[in-house]
file query.txt (compact mmCIF, C-alpha atoms and all ligand atoms)
# COMPACT_ATOMS: atom_id res chain seq x y z
CA VAL E 156 129.15 73.74 64.51
CA ALA E 157 129.08 72.09 61.08
CA LEU E 158 131.53 74.39 59.34
CA PRO E 159 134.53 73.32 57.34
CA ILE E 160 137.10 75.42 59.11
CA THR E 161 138.35 73.87 62.27
CA ARG E 162 139.19 75.68 65.45
CA ARG E 163 142.68 74.30 65.23
CA ARG E 164 143.44 75.81 61.83
CA PHE E 165 141.87 79.15 62.66
CA ASN E 166 143.62 79.47 65.99
CA ALA E 167 147.02 78.22 64.85
CA ARG E 168 147.16 81.02 62.29
CA LEU E 169 145.69 83.67 64.53
CA LEU E 170 147.84 82.98 67.59
CA ARG E 171 151.04 82.55 65.58
CA TRP E 172 150.47 85.95 63.98
CA HIS E 173 149.49 87.79 67.13
CA PRO E 174 152.75 88.37 69.05
CA GLY E 175 154.13 90.54 66.24
CA ALA E 176 150.89 92.47 65.82
CA ARG E 177 149.80 92.94 69.42
CA ARG E 178 148.68 96.47 70.29
CA SER E 179 150.23 97.57 73.54
CA LEU E 180 147.22 98.96 75.37
CA LEU E 181 147.40 100.12 78.95
CA ILE E 182 144.24 98.23 79.89
CA ARG E 183 145.99 95.00 78.93
CA THR E 184 148.13 95.41 82.03
CA ALA E 185 145.05 94.54 84.13
CA ALA E 186 146.31 92.37 86.96
CA ASN E 187 143.09 90.83 88.28
CA PRO E 188 139.41 90.30 87.35
CA TRP E 189 138.35 93.57 89.03
CA GLU E 190 140.75 95.56 86.89
CA VAL E 191 139.50 93.69 83.81
CA LEU E 192 135.88 94.42 84.77
CA VAL E 193 136.53 98.16 85.20
CA ALA E 194 138.42 98.27 81.87
CA GLU E 195 135.57 96.54 80.04
CA VAL E 196 132.88 98.81 81.50
CA MET E 197 134.94 101.91 80.68
CA SER E 198 135.49 100.79 77.07
CA GLN E 199 131.82 100.03 76.43
CA GLN E 200 131.24 103.30 74.58
CA THR E 201 134.66 104.90 74.65
CA GLY E 202 137.69 104.27 72.44
CA ILE E 203 140.02 101.74 73.99
CA GLU E 204 143.10 103.95 73.66
CA ARG E 205 141.47 106.93 75.35
CA VAL E 206 140.33 104.79 78.25
CA GLY E 207 143.83 103.67 79.29
CA PRO E 208 145.11 106.52 81.54
CA MET E 209 141.69 107.06 83.14
CA TRP E 210 141.35 103.37 83.83
CA ARG E 211 144.78 103.30 85.51
CA ARG E 212 143.89 106.23 87.77
CA PHE E 213 140.53 104.66 88.56
CA VAL E 214 141.82 101.26 89.65
CA ASP E 215 144.70 102.86 91.57
CA ARG E 216 142.15 104.87 93.51
CA TRP E 217 139.63 102.07 93.99
CA PRO E 218 141.71 98.89 93.77
CA THR E 219 138.95 96.53 94.95
CA PRO E 220 135.15 96.30 94.67
CA ALA E 221 134.95 97.09 98.41
CA ASP E 222 136.78 100.39 97.85
CA LEU E 223 134.46 101.47 95.04
CA ALA E 224 131.34 100.32 96.89
CA VAL E 225 131.78 103.19 99.38
CA ALA E 226 132.96 105.86 96.92
CA GLY E 227 131.04 109.16 96.94
CA THR E 228 129.04 110.05 93.85
CA HIS E 229 130.89 113.30 93.31
CA GLU E 230 134.39 111.83 93.34
CA LEU E 231 133.16 108.94 91.22
CA LEU E 232 131.74 111.20 88.52
CA ALA E 233 134.85 113.40 88.64
CA ALA E 234 137.00 110.31 87.98
CA TRP E 235 134.68 109.38 85.12
CA ALA E 236 134.84 112.85 83.51
CA GLY E 237 135.70 112.65 79.83
CA LEU E 238 134.37 109.13 79.39
CA GLY E 239 130.72 110.13 79.00
CA TYR E 240 127.71 107.92 79.68
CA ASN E 241 127.98 108.63 83.40
CA ARG E 242 125.30 106.11 84.28
CA ARG E 243 127.96 103.48 83.65
CA ALA E 244 129.94 104.84 86.61
CA LEU E 245 126.98 104.56 88.95
CA ALA E 246 126.15 101.09 87.64
CA LEU E 247 129.76 100.04 88.23
CA ARG E 248 129.54 101.18 91.86
CA GLU E 249 126.25 99.30 92.13
CA ALA E 250 127.99 96.22 90.73
CA ALA E 251 130.78 96.67 93.29
CA ARG E 252 128.18 96.75 96.07
CA VAL E 253 126.56 93.54 94.83
CA ILE E 254 130.00 91.91 94.59
CA VAL E 255 130.66 92.85 98.21
CA ALA E 256 127.21 91.78 99.42
CA ASP E 257 126.78 88.56 97.42
CA HIS E 258 130.26 87.41 96.46
CA THR E 259 132.36 88.27 99.53
CA GLY E 260 134.03 91.11 97.66
CA ARG E 261 135.45 88.99 94.83
CA VAL E 262 134.39 89.35 91.21
CA PRO E 263 132.45 86.17 90.32
CA GLY E 264 133.92 84.04 87.55
CA THR E 265 130.98 82.65 85.56
CA VAL E 266 129.16 84.32 82.68
CA GLU E 267 125.81 83.90 84.46
CA SER E 268 126.91 85.49 87.72
CA LEU E 269 128.70 88.32 85.91
CA GLU E 270 125.64 89.01 83.76
CA ALA E 271 123.54 89.26 86.91
CA LEU E 272 125.58 92.29 88.05
CA PRO E 273 124.14 95.78 87.41
CA GLY E 274 125.27 97.30 84.12
CA ILE E 275 126.96 94.11 82.88
CA GLY E 276 125.55 92.79 79.60
CA PRO E 277 126.34 89.59 77.70
CA TYR E 278 129.39 91.07 75.99
CA THR E 279 131.06 92.45 79.13
CA ALA E 280 130.29 89.30 81.12
CA ARG E 281 131.96 87.16 78.47
CA ALA E 282 134.92 89.51 78.13
CA VAL E 283 135.56 89.41 81.88
CA ALA E 284 135.05 85.63 82.08
CA ALA E 285 137.49 85.07 79.19
CA ALA E 286 140.17 87.63 80.06
CA GLY E 287 139.84 87.53 83.86
CA PHE E 288 139.14 83.84 84.50
CA GLY E 289 140.20 81.93 81.37
CA VAL E 290 136.65 80.74 80.58
CA PRO E 291 136.49 79.77 76.87
CA VAL E 292 133.64 82.05 75.78
CA ALA E 293 133.55 84.62 73.00
CA PRO E 294 132.55 88.24 73.63
CA LEU E 295 130.74 89.10 70.41
CA ASP E 296 130.78 92.80 69.63
CA VAL E 297 130.61 94.53 66.26
CA ASN E 298 134.35 93.94 65.65
CA MET E 299 134.42 90.26 66.45
CA ARG E 300 131.17 89.84 64.53
CA ARG E 301 132.78 91.42 61.46
CA VAL E 302 135.84 89.15 61.51
CA VAL E 303 134.01 85.88 62.17
CA SER E 304 131.15 86.57 59.74
CA ARG E 305 133.64 87.39 56.99
CA VAL E 306 135.77 84.32 57.59
CA PHE E 307 132.69 82.08 57.39
CA GLY E 308 131.01 84.03 54.59
CA VAL E 309 127.78 84.69 56.50
CA ALA E 310 125.93 87.92 57.27
CA ALA E 311 127.19 89.84 60.31
CA SER E 312 123.64 89.67 61.67
CA ASP E 313 123.61 85.85 61.44
CA ARG E 314 121.87 84.46 64.51
CA GLY E 315 124.19 81.49 64.73
CA LEU E 316 127.28 83.65 65.03
CA GLN E 317 127.53 83.46 68.81
CA ALA E 318 127.54 79.65 68.69
CA THR E 319 130.08 79.66 65.84
CA THR E 320 132.34 82.05 67.72
CA ASP E 321 132.03 80.14 71.00
CA ALA E 322 133.10 77.02 69.10
CA LEU E 323 136.19 78.83 67.83
CA VAL E 324 137.61 80.27 71.06
CA SER E 325 140.90 78.80 72.17
CA ARG E 326 140.23 76.38 75.03
CA THR E 327 143.60 77.09 76.61
CA GLU E 328 144.12 80.82 76.01
CA PRO E 329 140.74 82.51 75.65
CA GLY E 330 142.07 85.88 76.86
CA ARG E 331 144.88 85.97 74.34
CA TRP E 332 142.51 84.75 71.62
CA PHE E 333 140.11 87.58 72.41
CA ASP E 334 142.93 90.16 72.22
CA ALA E 335 144.15 88.67 68.93
CA VAL E 336 140.74 88.87 67.21
CA MET E 337 140.29 92.44 68.47
CA ASP E 338 143.71 93.43 67.15
CA LEU E 339 142.94 91.82 63.81
CA ALA E 340 139.64 93.73 63.64
CA ALA E 341 141.33 97.01 64.55
CA GLU E 342 144.35 96.81 62.28
CA THR E 343 143.66 94.33 59.47
CA CYS E 344 140.03 93.29 59.02
CA LEU E 345 138.91 96.90 58.82
CA PRO E 346 135.23 97.70 58.25
CA ARG E 347 135.57 99.35 54.82
CA ALA E 348 138.88 98.27 53.35
CA PRO E 349 140.14 95.04 54.93
CA ARG E 350 143.84 94.37 54.40
CA CYS E 351 143.38 90.80 53.23
CA GLU E 352 146.85 90.67 51.69
CA THR E 353 148.46 90.82 55.14
CA CYS E 354 145.80 88.86 57.03
CA PRO E 355 146.82 85.65 58.83
CA LEU E 356 143.36 84.18 58.19
CA ALA E 357 143.37 84.84 54.44
CA ALA E 358 143.92 81.17 53.57
CA LEU E 359 140.73 80.24 55.42
CA CYS E 360 138.56 83.27 54.82
CA LEU E 361 135.55 82.94 52.53
CA SER E 362 135.46 86.73 52.05
CA ARG E 363 139.14 87.23 51.31
CA GLY E 364 139.50 90.03 48.77
CA GLY E 365 135.77 90.00 48.11
CA VAL E 366 134.20 92.13 50.81
CA ALA E 367 131.59 94.33 49.13
CA SER E 368 133.45 97.49 48.32
CA VAL E 369 132.05 100.94 47.86
CA GLU E 370 131.54 102.21 44.33
CA PRO E 371 132.83 105.67 43.37
CA ARG E 372 129.41 107.21 43.82
CA GLY E 373 129.20 105.71 47.27
CA ARG E 374 126.70 102.96 46.53
CA ALA E 375 127.51 99.60 48.06
CA VAL E 376 127.86 96.70 45.63
CA PRO E 377 124.73 94.53 46.09
CA PHE E 378 125.81 91.61 48.21
CA PRO E 379 124.19 88.79 46.15
CA SER E 380 126.26 89.82 43.12
CA THR E 381 129.55 89.19 44.89
CA THR E 382 131.72 86.12 44.87
CA ARG E 383 131.59 86.25 48.65
CA TRP E 384 127.82 85.72 48.54
CA LEU E 385 128.19 82.81 46.13
CA ARG E 386 130.91 81.14 48.19
CA GLY E 387 128.81 81.59 51.34
CA ARG E 388 125.78 79.97 49.69
CA LEU E 389 127.86 77.07 48.38
CA ILE E 390 129.27 76.43 51.84
CA ALA E 391 125.77 76.67 53.32
CA ARG E 392 124.58 74.03 50.81
CA VAL E 393 127.29 71.51 51.58
CA THR E 394 127.05 71.94 55.34
CA ALA E 395 123.25 71.60 55.32
CA VAL E 396 123.49 67.84 54.74
CA PRO E 397 124.98 65.29 57.17
CA GLN E 398 128.74 64.84 57.04
CA GLY E 399 129.91 62.89 53.98
CA GLY E 400 126.74 63.63 51.98
CA TRP E 401 126.97 64.88 48.40
CA VAL E 402 124.84 67.74 47.10
CA SER E 403 124.20 68.53 43.46
CA LEU E 404 125.25 71.83 41.93
CA PRO E 405 122.41 73.91 40.50
CA GLU E 406 122.46 75.60 37.07
CA ARG E 407 122.13 79.01 38.67
CA MET E 408 122.52 80.47 42.15
CA GLY E 409 120.99 83.92 42.58
CA MET E 410 122.64 86.20 40.04
CA HIS E 411 125.40 83.69 39.22
CA ASP E 412 125.41 81.38 36.19
CA GLY E 413 127.03 77.97 35.76
CA ILE E 414 130.41 79.41 34.81
CA ALA E 415 130.59 81.57 37.93
CA ILE E 416 129.49 78.59 40.04
CA ASP E 417 132.18 76.39 38.47
CA ALA E 418 134.83 79.03 39.19
CA ALA E 419 133.76 79.38 42.83
CA VAL E 420 133.65 75.59 43.28
CA HIS E 421 137.09 75.33 41.76
CA ASP E 422 138.47 77.89 44.24
CA LEU E 423 136.81 76.21 47.23
CA GLU E 424 138.16 72.86 46.06
CA ARG E 425 141.68 74.20 45.64
CA GLU E 426 141.54 75.79 49.11
CA GLY E 427 140.61 72.46 50.65
CA PHE E 428 137.04 73.23 51.78
CA ILE E 429 135.14 70.90 49.46
CA GLU E 430 135.60 68.06 47.01
CA ARG E 431 133.79 67.45 43.73
CA ARG E 432 132.63 64.58 41.54
CA ASP E 433 130.91 65.58 38.31
CA ARG E 434 128.02 67.88 39.25
CA GLU E 435 128.15 67.07 42.98
CA VAL E 436 130.15 68.49 45.86
CA ARG E 437 130.62 67.77 49.54
CA VAL E 438 132.70 68.99 52.48
CA ARG E 439 136.18 67.60 52.36
CA HIS E 440 137.19 65.44 55.31
S1 LIG X 501 141.06 87.77 54.71
FE1 LIG X 501 140.28 89.87 54.63
S2 LIG X 501 138.05 89.73 55.05
FE2 LIG X 501 139.02 87.79 55.69
S3 LIG X 501 139.44 88.04 57.90
FE3 LIG X 501 141.30 88.65 56.78
S4 LIG X 501 141.14 90.87 56.44
FE4 LIG X 501 139.09 90.11 57.04
call {"tool": "encode", "arguments": {"input": "query.txt", "output": "structure tokens", "more": "lines below"}}
Ligand code: SF4
result
Amino acid sequence: VALPITRRRFNARLLRWHPGARRSLLIRTAANPWEVLVAEVMSQQTGIERVGPMWRRFVDRWPTPADLAVAGTHELLAAWAGLGYNRRALALREAARVIVADHTGRVPGTVESLEALPGIGPYTARAVAAAGFGVPVAPLDVNMRRVVSRVFGVAASDRGLQATTDALVSRTEPGRWFDAVMDLAAETCLPRAPRCETCPLAALCLSRGGVASVEPRGRAVPFPSTTRWLRGRLIARVTAVPQGGWVSLPERMGMHDGIAIDAAVHDLEREGFIERRDREVRVRH
């Protein structure tokens, strides 16, 4: 991924910050891939804190896929009560049956084989592969999407975000990395009012302090008018050419004039993302 922030810098900050900020969630006591899988399916549409006690009771009662595969529908739905979306419970039992039939009762460890299980989508498959098997893949949900898109100054709907995020995941501790980004999203990089002043990624983040805020009357600030937009476009310009190539600075970019462009370039230069010579800039090596 041709982006100026390296995995090493991102992860050093994130993982150094995390021990002091780690949320102690019951589901993080999952002891094996089956327990991780059940926790992920339960949290698909239910708040992670509410899931904890129900998840514990569930995996104590059905500690392996083989146990759940033969569970009765009634007792299964009773155990699921309060979580909602009951079809997830039946799909989980179906997944347990496939695990028994096709994988000798053990949760498979690749994204492809997990995704082939009933009720397991791309996000859950990646979460289980990362947290249960140490596979360096990134489960991209709305929270992770928010953090990564802000750090790189791109839209949260950006189609390249999965590839960018996969390139970022810690190769040695994908499970801990996943927890750390989720904790950052839950406590610091909040949807409406991110706490950039206490964020470990602030030094790298192209949106730091500039996330479109909400005006008093409730109207969102138009994105192209923000510094974040301008910084994102500048980064897109310099990464669109092969490494080492210079690109010229335009007179205007969207709603921003030369003075605003100069100020944004100056900030990006000072933060170590780009270098400048006269009216040209490039990614700094
Ligand atoms: S600096 Fe702010 S916008 Fe950027 S990741 Fe941190 S909290 Fe989110």
call {"tool": "residues_around", "arguments": {"input": "query.txt", "residues": "range 332-341 of chain E", "least_positions_apart": "2", "cutoff": "9 Å", "atoms": "all atoms listed in the file", "output": "PyMOL selection string"}}
result
chain E and resi 166+169-170+172-174+176-178+183+282+285-286+293-294+298-299+301-303+324-325+328-330+343-346+349+354-355
call {"tool": "write_last_selection", "arguments": {"input": "query.txt", "atoms": "C-alpha atoms", "output": "PDB file, keeping the file's coordinate frame"}}
result
ATOM      1  CA  ASN E 166     143.620  79.470  65.990  1.00  0.00           C
ATOM      2  CA  LEU E 169     145.690  83.670  64.530  1.00  0.00           C
ATOM      3  CA  LEU E 170     147.840  82.980  67.590  1.00  0.00           C
ATOM      4  CA  TRP E 172     150.470  85.950  63.980  1.00  0.00           C
ATOM      5  CA  HIS E 173     149.490  87.790  67.130  1.00  0.00           C
ATOM      6  CA  PRO E 174     152.750  88.370  69.050  1.00  0.00           C
ATOM      7  CA  ALA E 176     150.890  92.470  65.820  1.00  0.00           C
ATOM      8  CA  ARG E 177     149.800  92.940  69.420  1.00  0.00           C
ATOM      9  CA  ARG E 178     148.680  96.470  70.290  1.00  0.00           C
ATOM     10  CA  ARG E 183     145.990  95.000  78.930  1.00  0.00           C
ATOM     11  CA  ALA E 282     134.920  89.510  78.130  1.00  0.00           C
ATOM     12  CA  ALA E 285     137.490  85.070  79.190  1.00  0.00           C
ATOM     13  CA  ALA E 286     140.170  87.630  80.060  1.00  0.00           C
ATOM     14  CA  ALA E 293     133.550  84.620  73.000  1.00  0.00           C
ATOM     15  CA  PRO E 294     132.550  88.240  73.630  1.00  0.00           C
ATOM     16  CA  ASN E 298     134.350  93.940  65.650  1.00  0.00           C
ATOM     17  CA  MET E 299     134.420  90.260  66.450  1.00  0.00           C
ATOM     18  CA  ARG E 301     132.780  91.420  61.460  1.00  0.00           C
ATOM     19  CA  VAL E 302     135.840  89.150  61.510  1.00  0.00           C
ATOM     20  CA  VAL E 303     134.010  85.880  62.170  1.00  0.00           C
ATOM     21  CA  VAL E 324     137.610  80.270  71.060  1.00  0.00           C
ATOM     22  CA  SER E 325     140.900  78.800  72.170  1.00  0.00           C
ATOM     23  CA  GLU E 328     144.120  80.820  76.010  1.00  0.00           C
ATOM     24  CA  PRO E 329     140.740  82.510  75.650  1.00  0.00           C
ATOM     25  CA  GLY E 330     142.070  85.880  76.860  1.00  0.00           C
ATOM     26  CA  THR E 343     143.660  94.330  59.470  1.00  0.00           C
ATOM     27  CA  CYS E 344     140.030  93.290  59.020  1.00  0.00           C
ATOM     28  CA  LEU E 345     138.910  96.900  58.820  1.00  0.00           C
ATOM     29  CA  PRO E 346     135.230  97.700  58.250  1.00  0.00           C
ATOM     30  CA  PRO E 349     140.140  95.040  54.930  1.00  0.00           C
ATOM     31  CA  CYS E 354     145.800  88.860  57.030  1.00  0.00           C
ATOM     32  CA  PRO E 355     146.820  85.650  58.830  1.00  0.00           C
TER      33      PRO E 355
END
call {"tool": "residues_near_point", "arguments": {"input": "query.txt", "point": "(138.9, 87.0, 84.7)", "cutoff": "10 Å", "atoms": "all atoms listed in the file", "output": "short mmCIF file (atom, residue, chain, number, x, y, z; two decimals) with C-alpha atoms, in the coordinates of the input"}}
result
data_model
loop_
_atom_site.label_atom_id
_atom_site.label_comp_id
_atom_site.auth_asym_id
_atom_site.auth_seq_id
_atom_site.Cartn_x
_atom_site.Cartn_y
_atom_site.Cartn_z
CA ALA E 185 145.05 94.54 84.13
CA ALA E 186 146.31 92.37 86.96
CA ASN E 187 143.09 90.83 88.28
CA PRO E 188 139.41 90.30 87.35
CA TRP E 189 138.35 93.57 89.03
CA GLU E 190 140.75 95.56 86.89
CA VAL E 191 139.50 93.69 83.81
CA LEU E 192 135.88 94.42 84.77
CA VAL E 262 134.39 89.35 91.21
CA PRO E 263 132.45 86.17 90.32
CA GLY E 264 133.92 84.04 87.55
CA THR E 265 130.98 82.65 85.56
CA ALA E 280 130.29 89.30 81.12
CA ARG E 281 131.96 87.16 78.47
CA ALA E 282 134.92 89.51 78.13
CA VAL E 283 135.56 89.41 81.88
CA ALA E 284 135.05 85.63 82.08
CA ALA E 285 137.49 85.07 79.19
CA ALA E 286 140.17 87.63 80.06
CA GLY E 287 139.84 87.53 83.86
CA PHE E 288 139.14 83.84 84.50
CA GLY E 289 140.20 81.93 81.37
CA VAL E 290 136.65 80.74 80.58
CA GLY E 330 142.07 85.88 76.86
#
call {"tool": "atom_distance", "arguments": {"input": "query.txt", "atom1": "CA of Thr201 in chain E", "atom2": "CA of Ala348 in chain E"}}
result
22.7 Å
call {"tool": "residues_around", "arguments": {"input": "query.txt", "residues": "Ser362 in chain E", "least_positions_apart": "6", "cutoff": "10 Å", "atoms": "only C-alpha atoms", "output": "tab-separated table (two decimals) with C-alpha atoms, keeping the file's coordinate frame"}}
result
chain	number	residue	atom	x	y	z
E	302	VAL	CA	135.84	89.15	61.51
E	304	SER	CA	131.15	86.57	59.74
E	305	ARG	CA	133.64	87.39	56.99
E	306	VAL	CA	135.77	84.32	57.59
E	307	PHE	CA	132.69	82.08	57.39
E	308	GLY	CA	131.01	84.03	54.59
E	309	VAL	CA	127.78	84.69	56.50
E	349	PRO	CA	140.14	95.04	54.93
E	351	CYS	CA	143.38	90.80	53.23
E	381	THR	CA	129.55	89.19	44.89
E	382	THR	CA	131.72	86.12	44.87
E	383	ARG	CA	131.59	86.25	48.65
E	384	TRP	CA	127.82	85.72	48.54
E	386	ARG	CA	130.91	81.14	48.19
E	387	GLY	CA	128.81	81.59	51.34
call {"tool": "residues_near_point", "arguments": {"input": "query.txt", "point": "(129.0, 96.7, 94.0)", "cutoff": "9 Å", "atoms": "only C-alpha atoms", "output": "list in words"}}
result
Pro220, Ala221, Leu223, Ala224, Val225, Ala246, Leu247, Arg248, Glu249, Ala250, Ala251, Arg252, Val253, Ile254, Val255, Ala256, Gly260, Leu272 and Pro273 of chain E
call {"tool": "atom_distance", "arguments": {"input": "query.txt", "atom1": "CA of Ile429 in chain E", "atom2": "CA of Gln317 in chain E"}}
result
24.3 Å
call {"tool": "atom_distance", "arguments": {"input": "query.txt", "atom1": "CA of Arg162 in chain E", "atom2": "CA of Ile275 in chain E"}}
result
28.2 Å
call {"tool": "closest_residue", "arguments": {"input": "query.txt", "among": "E:Arg300, E:Arg363, E:Arg216, E:Arg314", "to": "ligand LIG 501 (chain X)", "atoms": "all atoms listed in the file"}}
result
E:Arg363
